[in-house]
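Just model13.cif here, mmCIF, C-alpha atoms and all ligand atoms:
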```cif
data_target
loop_
_atom_site.label_atom_id
_atom_site.label_comp_id
_atom_site.auth_asym_id
_atom_site.auth_seq_id
_atom_site.Cartn_x
_atom_site.Cartn_y
_atom_site.Cartn_z
CA MET A 1325 -61.25 108.41 105.87
CA ILE A 1326 -57.64 107.75 106.80
CA MET A 1327 -56.79 104.19 107.88
CA ARG A 1328 -53.74 103.78 110.03
CA LYS A 1329 -51.96 100.64 111.13
CA GLN A 1330 -49.64 100.57 114.10
CA SER A 1331 -47.99 98.18 116.49
CA LEU A 1332 -49.18 98.24 120.10
CA THR A 1333 -48.07 97.13 123.52
CA LEU A 1334 -50.52 97.31 126.43
CA GLU A 1335 -48.83 100.59 127.38
CA THR A 1336 -49.24 102.21 123.97
CA LEU A 1337 -52.78 100.82 123.81
CA ALA A 1338 -53.58 102.86 126.92
CA LYS A 1339 -52.07 105.97 125.30
CA LEU A 1340 -54.02 105.42 122.09
CA ALA A 1341 -57.23 105.01 124.11
CA VAL A 1342 -56.63 108.34 125.85
CA GLU A 1343 -55.97 109.96 122.48
CA PHE A 1344 -59.09 108.38 120.99
CA ALA A 1345 -61.23 109.44 123.96
CA GLY A 1346 -59.95 112.99 123.54
CA HIS A 1347 -61.02 113.03 119.91
CA LEU A 1348 -64.50 111.55 120.26
CA SER A 1349 -67.33 113.95 120.66
CA PRO A 1350 -71.02 113.10 120.72
CA LYS A 1351 -72.97 113.46 117.51
CA LYS A 1352 -76.02 115.71 117.38
CA ASP A 1353 -78.73 113.11 116.96
CA ARG A 1354 -77.37 109.62 117.57
CA ALA A 1355 -75.03 107.48 119.61
CA THR A 1356 -71.34 107.00 118.82
CA VAL A 1357 -70.56 103.40 117.87
CA VAL A 1358 -67.12 101.77 117.86
CA ALA A 1359 -66.87 98.35 116.17
CA LEU A 1360 -63.99 96.23 117.47
CA PHE A 1361 -62.91 93.52 115.01
CA GLY A 1362 -60.39 90.76 115.71
CA ASP A 1363 -59.98 87.09 116.63
CA LEU A 1364 -60.24 85.68 120.13
CA GLY A 1365 -57.38 87.12 122.20
CA ALA A 1366 -56.66 89.91 119.73
CA GLY A 1367 -57.28 92.56 122.39
CA LYS A 1368 -60.83 93.81 121.78
CA THR A 1369 -61.75 93.68 125.45
CA ALA A 1370 -58.33 95.12 126.35
CA PHE A 1371 -59.14 98.08 124.10
CA ALA A 1372 -62.58 98.51 125.68
CA LYS A 1373 -60.97 98.40 129.12
CA ALA A 1374 -58.35 100.99 128.14
CA LEU A 1375 -61.03 103.28 126.71
CA ALA A 1376 -63.13 102.89 129.87
CA ARG A 1377 -60.07 103.87 131.96
CA ALA A 1378 -59.58 106.90 129.72
CA TYR A 1379 -63.11 107.98 130.68
CA GLY A 1380 -62.36 107.56 134.35
CA ILE A 1381 -64.27 104.30 134.73
CA GLU A 1382 -62.72 102.42 137.64
CA ASP A 1383 -64.89 99.29 137.41
CA ASP A 1384 -63.25 96.06 136.43
CA VAL A 1385 -64.09 95.94 132.72
CA THR A 1386 -64.40 92.31 131.69
CA SER A 1387 -65.75 90.62 128.62
CA PRO A 1388 -69.55 90.67 128.52
CA THR A 1389 -69.58 87.39 126.55
CA PHE A 1390 -72.29 85.78 128.67
CA VAL A 1391 -74.29 88.83 129.68
CA ILE A 1392 -73.91 90.34 126.16
CA GLU A 1393 -74.05 93.91 127.48
CA LYS A 1394 -72.49 95.91 130.31
CA ILE A 1395 -73.17 99.55 131.01
CA TYR A 1396 -70.70 101.88 132.71
CA THR A 1397 -70.92 105.49 133.82
CA PRO A 1398 -67.92 107.59 132.74
CA ALA A 1399 -66.50 109.77 135.52
CA LYS A 1400 -65.31 112.26 132.92
CA GLY A 1401 -65.81 113.16 129.29
CA PRO A 1402 -68.89 114.07 127.28
CA PHE A 1403 -70.71 110.72 127.25
CA SER A 1404 -73.10 109.74 130.03
CA ARG A 1405 -73.00 106.00 129.33
CA LEU A 1406 -70.37 103.65 127.96
CA ILE A 1407 -72.10 100.52 126.69
CA HIS A 1408 -69.92 97.47 126.06
CA ILE A 1409 -71.50 94.75 123.94
CA ASP A 1410 -69.99 91.37 123.06
CA ALA A 1411 -71.83 89.90 120.06
CA TYR A 1412 -69.78 86.68 120.12
CA ARG A 1413 -72.82 84.56 120.95
CA LEU A 1414 -75.25 86.46 118.74
CA ASN A 1415 -76.32 85.22 115.32
CA SER A 1416 -77.72 88.33 113.71
CA ALA A 1417 -78.57 91.97 114.17
CA HIS A 1418 -82.04 90.79 115.18
CA ASP A 1419 -80.56 89.40 118.42
CA LEU A 1420 -79.74 92.95 119.53
CA GLU A 1421 -83.40 93.88 119.72
CA VAL A 1422 -83.73 92.47 123.24
CA LEU A 1423 -81.16 95.05 124.34
CA GLY A 1424 -83.32 97.84 122.98
CA TRP A 1425 -80.73 98.50 120.29
CA ASP A 1426 -82.75 101.16 118.45
CA GLU A 1427 -83.16 103.22 121.62
CA LEU A 1428 -79.50 102.79 122.50
CA LEU A 1429 -78.59 104.18 119.08
CA GLN A 1430 -80.82 107.19 119.47
CA ALA A 1431 -79.13 108.75 122.49
CA PRO A 1432 -76.19 111.02 121.54
CA SER A 1433 -74.86 110.61 125.09
CA ASN A 1434 -74.24 106.88 124.51
CA LEU A 1435 -70.82 105.57 123.52
CA ILE A 1436 -71.33 101.98 122.33
CA LEU A 1437 -68.44 99.53 121.88
CA VAL A 1438 -69.22 96.29 120.01
CA GLU A 1439 -66.99 93.21 119.96
CA TRP A 1440 -67.65 90.70 117.13
CA PRO A 1441 -69.50 93.34 115.07
CA GLU A 1442 -69.43 90.98 112.07
CA ASN A 1443 -72.09 88.89 113.85
CA VAL A 1444 -74.48 91.84 113.89
CA GLU A 1445 -73.23 93.60 110.77
CA ARG A 1446 -76.58 95.04 109.71
CA ALA A 1447 -76.99 96.77 113.07
CA ILE A 1448 -73.69 98.65 112.85
CA PRO A 1449 -74.30 102.18 111.58
CA SER A 1450 -72.33 103.27 108.54
CA ASP A 1451 -70.75 106.09 110.55
CA ALA A 1452 -69.36 103.72 113.21
CA TYR A 1453 -65.64 103.84 113.96
CA ARG A 1454 -64.00 100.59 112.89
CA ILE A 1455 -61.01 99.19 114.71
CA SER A 1456 -59.26 95.91 113.88
CA LEU A 1457 -56.85 94.16 116.21
CA GLU A 1458 -54.45 91.37 115.35
CA TYR A 1459 -52.17 89.19 117.44
CA VAL A 1460 -48.47 89.72 116.68
CA ASP A 1461 -46.77 88.14 119.69
CA GLU A 1462 -47.46 87.69 123.41
CA HIS A 1463 -47.05 91.40 124.19
CA THR A 1464 -47.75 92.97 120.85
CA ARG A 1465 -50.86 93.54 118.76
CA SER A 1466 -51.33 95.47 115.55
CA ILE A 1467 -54.23 97.84 115.29
CA THR A 1468 -55.84 99.27 112.20
CA HIS A 1469 -58.25 102.09 112.73
CA ASP A 1470 -60.02 105.01 111.19
CA LEU A 1471 -59.63 107.27 114.21
CA LYS A 1472 -59.62 110.83 112.95
N1 LIG B 1 -50.51 94.88 123.13
C1 LIG B 1 -51.60 94.27 123.62
N2 LIG B 1 -52.82 94.71 123.29
C2 LIG B 1 -53.93 94.09 123.76
N3 LIG B 1 -53.91 93.00 124.57
C3 LIG B 1 -52.70 92.54 124.94
C4 LIG B 1 -51.52 93.14 124.48
N4 LIG B 1 -50.47 92.45 124.99
C5 LIG B 1 -51.00 91.49 125.74
N5 LIG B 1 -52.33 91.52 125.73
C6 LIG B 1 -53.20 90.58 126.44
O1 LIG B 1 -53.90 89.81 125.48
C7 LIG B 1 -55.18 89.47 125.98
C8 LIG B 1 -56.22 89.96 124.99
O2 LIG B 1 -57.43 89.46 125.43
P1 LIG B 1 -58.80 90.19 125.15
O3 LIG B 1 -58.65 91.67 125.18
O4 LIG B 1 -59.78 89.56 126.08
O5 LIG B 1 -59.08 89.71 123.64
P2 LIG B 1 -60.44 89.66 122.86
O6 LIG B 1 -61.44 90.50 123.58
O7 LIG B 1 -60.10 90.22 121.50
O8 LIG B 1 -60.82 88.22 122.76
C9 LIG B 1 -55.32 90.14 127.34
O9 LIG B 1 -55.00 89.20 128.32
C10 LIG B 1 -54.28 91.24 127.29
O10 LIG B 1 -53.78 91.59 128.54
MG MG B 2 -63.42 90.07 124.26
#
```
This entry written out as structure tokens:
Amino acid sequence: MIMRKQSLTLETLAKLAVEFAGHLSPKKDRATVVALFGDLGAGKTAFAKALARAYGIEDDVTSPTFVIEKIYTPAKGPFSRLIHIDAYRLNSAHDLEVLGWDELLQAPSNLILVEWPENVERAIPSDAYRISLEYVDEHTRSITHDLK
């Protein structure tokens, strides 16, 4: 696995999201999971929003902090659902059960993005993509990822 670190503006974030979306293809027997690490304000939701745009999702993608989960329907691309989860208020992987986590993981057509994955570590599959965001300055973030 190759880890890459790069500096990002909101504009290059959008480009990276398009590139990432172009590279993701559904697995044969399970969902695709993307774990988004980073402090408050690091740009996790901004990444999720950019990825949603890349899949032609026009909805206003906002942080699902209070509802925990939001589900979008991509207008293009190979996935039939983009599921955005914010685990900020969750204490353990067990808390994902109410969302039907096991079923969500079983559908290859699901693309699942998880903010604060460290809170639900045990639920994150070992083959999940891992992306870390860090604040650099007002307009810049650094991103470390294992996007192939
Ligand atoms: N290069 C950048 N990448 C991501 N977000 C950025 C960038 N520059 C500015 N921002 C802004 O920083 C904020 C990041 O907030 P958000 O994505 O909600 O963070 P998090 O979900 O990690 O708490 C947004 O208001 C976004 O517009
Ligand atoms: Mg967020």
Tell me, counting all atoms listed in the file, for each residue of stretch 1397-1455 of chain A within 7 Å of stretch 1339-1354 of chain A, which pair of atoms is nearest and how far apart they are in Å to one decimal, in rows ordered by chain and increasing number, as a tab-separated table.
```
residue	atom	partner	partner_atom	distance
A:Pro1402	CA	A:Ser1349	CA	6.8
A:Phe1403	CA	A:Pro1350	CA	7.0
A:Leu1429	CA	A:Arg1354	CA	5.8
A:Gln1430	CA	A:Arg1354	CA	4.6
A:Ala1431	CA	A:Arg1354	CA	5.3
A:Pro1432	CA	A:Arg1354	CA	4.4
A:Ser1433	CA	A:Pro1350	CA	6.3
```
Test item: residues no farther than 6 Å from ligand LIG 1 (chain B), counting all atoms listed in the file, as a PDB file with C-alpha atoms, in the frame of the given file:
```pdb
ATOM      1  CA  LEU A1332     -49.180  98.240 120.100  1.00  0.00           C
ATOM      2  CA  THR A1333     -48.070  97.130 123.520  1.00  0.00           C
ATOM      3  CA  LEU A1334     -50.520  97.310 126.430  1.00  0.00           C
ATOM      4  CA  GLY A1362     -60.390  90.760 115.710  1.00  0.00           C
ATOM      5  CA  ASP A1363     -59.980  87.090 116.630  1.00  0.00           C
ATOM      6  CA  LEU A1364     -60.240  85.680 120.130  1.00  0.00           C
ATOM      7  CA  GLY A1365     -57.380  87.120 122.200  1.00  0.00           C
ATOM      8  CA  ALA A1366     -56.660  89.910 119.730  1.00  0.00           C
ATOM      9  CA  GLY A1367     -57.280  92.560 122.390  1.00  0.00           C
ATOM     10  CA  LYS A1368     -60.830  93.810 121.780  1.00  0.00           C
ATOM     11  CA  THR A1369     -61.750  93.680 125.450  1.00  0.00           C
ATOM     12  CA  ALA A1370     -58.330  95.120 126.350  1.00  0.00           C
ATOM     13  CA  GLU A1462     -47.460  87.690 123.410  1.00  0.00           C
ATOM     14  CA  HIS A1463     -47.050  91.400 124.190  1.00  0.00           C
ATOM     15  CA  THR A1464     -47.750  92.970 120.850  1.00  0.00           C
ATOM     16  CA  ARG A1465     -50.860  93.540 118.760  1.00  0.00           C
TER      17      ARG A1465
END
```
Out of A:Glu1335, A:Pro1398, A:Thr1356, A:Asp1410, which residue has the shortest atom-to-atom distance to ligand MG 2 (chain B) when counting all atoms listed in the file?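 Closest to ligand MG 2 (chain B) of all the choices is A:Asp1410.
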So, counting all atoms listed in the file, which residue among A:Leu1423, A:Ile1392, A:Val1357, A:Leu1406 is closest to ligand MG 2 (chain B)?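 Ranked by minimum distance to ligand MG 2 (chain B), first place goes to A:Ile1392.
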Atom-to-atom span, atom CA of A:Tyr1396 and atom CA of A:Leu1435, Å: 9.9 Å
Skip A:Ala1399 itself and residues of its chain fewer than 4 positions away, then list as a CSV table (one decimal) with C-alpha atoms, keeping the file's coordinate frame all residues within 12 Å of it, counting all atoms listed in the file.
```
chain,number,residue,atom,x,y,z
A,1376,ALA,CA,-63.1,102.9,129.9
A,1377,ARG,CA,-60.1,103.9,132.0
A,1378,ALA,CA,-59.6,106.9,129.7
A,1379,TYR,CA,-63.1,108.0,130.7
A,1380,GLY,CA,-62.4,107.6,134.4
A,1381,ILE,CA,-64.3,104.3,134.7
A,1382,GLU,CA,-62.7,102.4,137.6
A,1383,ASP,CA,-64.9,99.3,137.4
A,1403,PHE,CA,-70.7,110.7,127.2
A,1404,SER,CA,-73.1,109.7,130.0
A,1405,ARG,CA,-73.0,106.0,129.3
A,1406,LEU,CA,-70.4,103.6,128.0
```
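Between atom CA of A:Ala1374 and atom CA of A:His1418 lies a distance of 28.9 Å.
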State, in Å with one decimal place, the distance from atom CA of A:Ile1436 to atom CA of A:Pro1449. 11.2 Å
From the list A:Val1358, A:Ala1447, A:Arg1454, A:Trp1440, which residue is nearest ligand MG 2 (chain B) when using all atoms listed in the file? A:Trp1440
Can you pull out the residues contacting A:Arg1413? Cut-off 10 Å, using only C-alpha atoms, and skip same-chain residues under 2 positions away; I want them as a list in words. Thr1389, Phe1390, Val1391, Ile1392, Asp1410, Ala1411, Asn1415, Ser1416, Asp1419, Trp1440 and Asn1443 of chain A
Give the padded box for stretch 1387-1400 of chain A as JSON: axis-aligned, covering all atoms listed in the file, 3 Å on each side, centre and edge lengths in Å to one decimal.
```
{"center_x": -69.8, "center_y": 99.0, "center_z": 130.8, "size_x": 15.0, "size_y": 32.5, "size_z": 15.4}
```
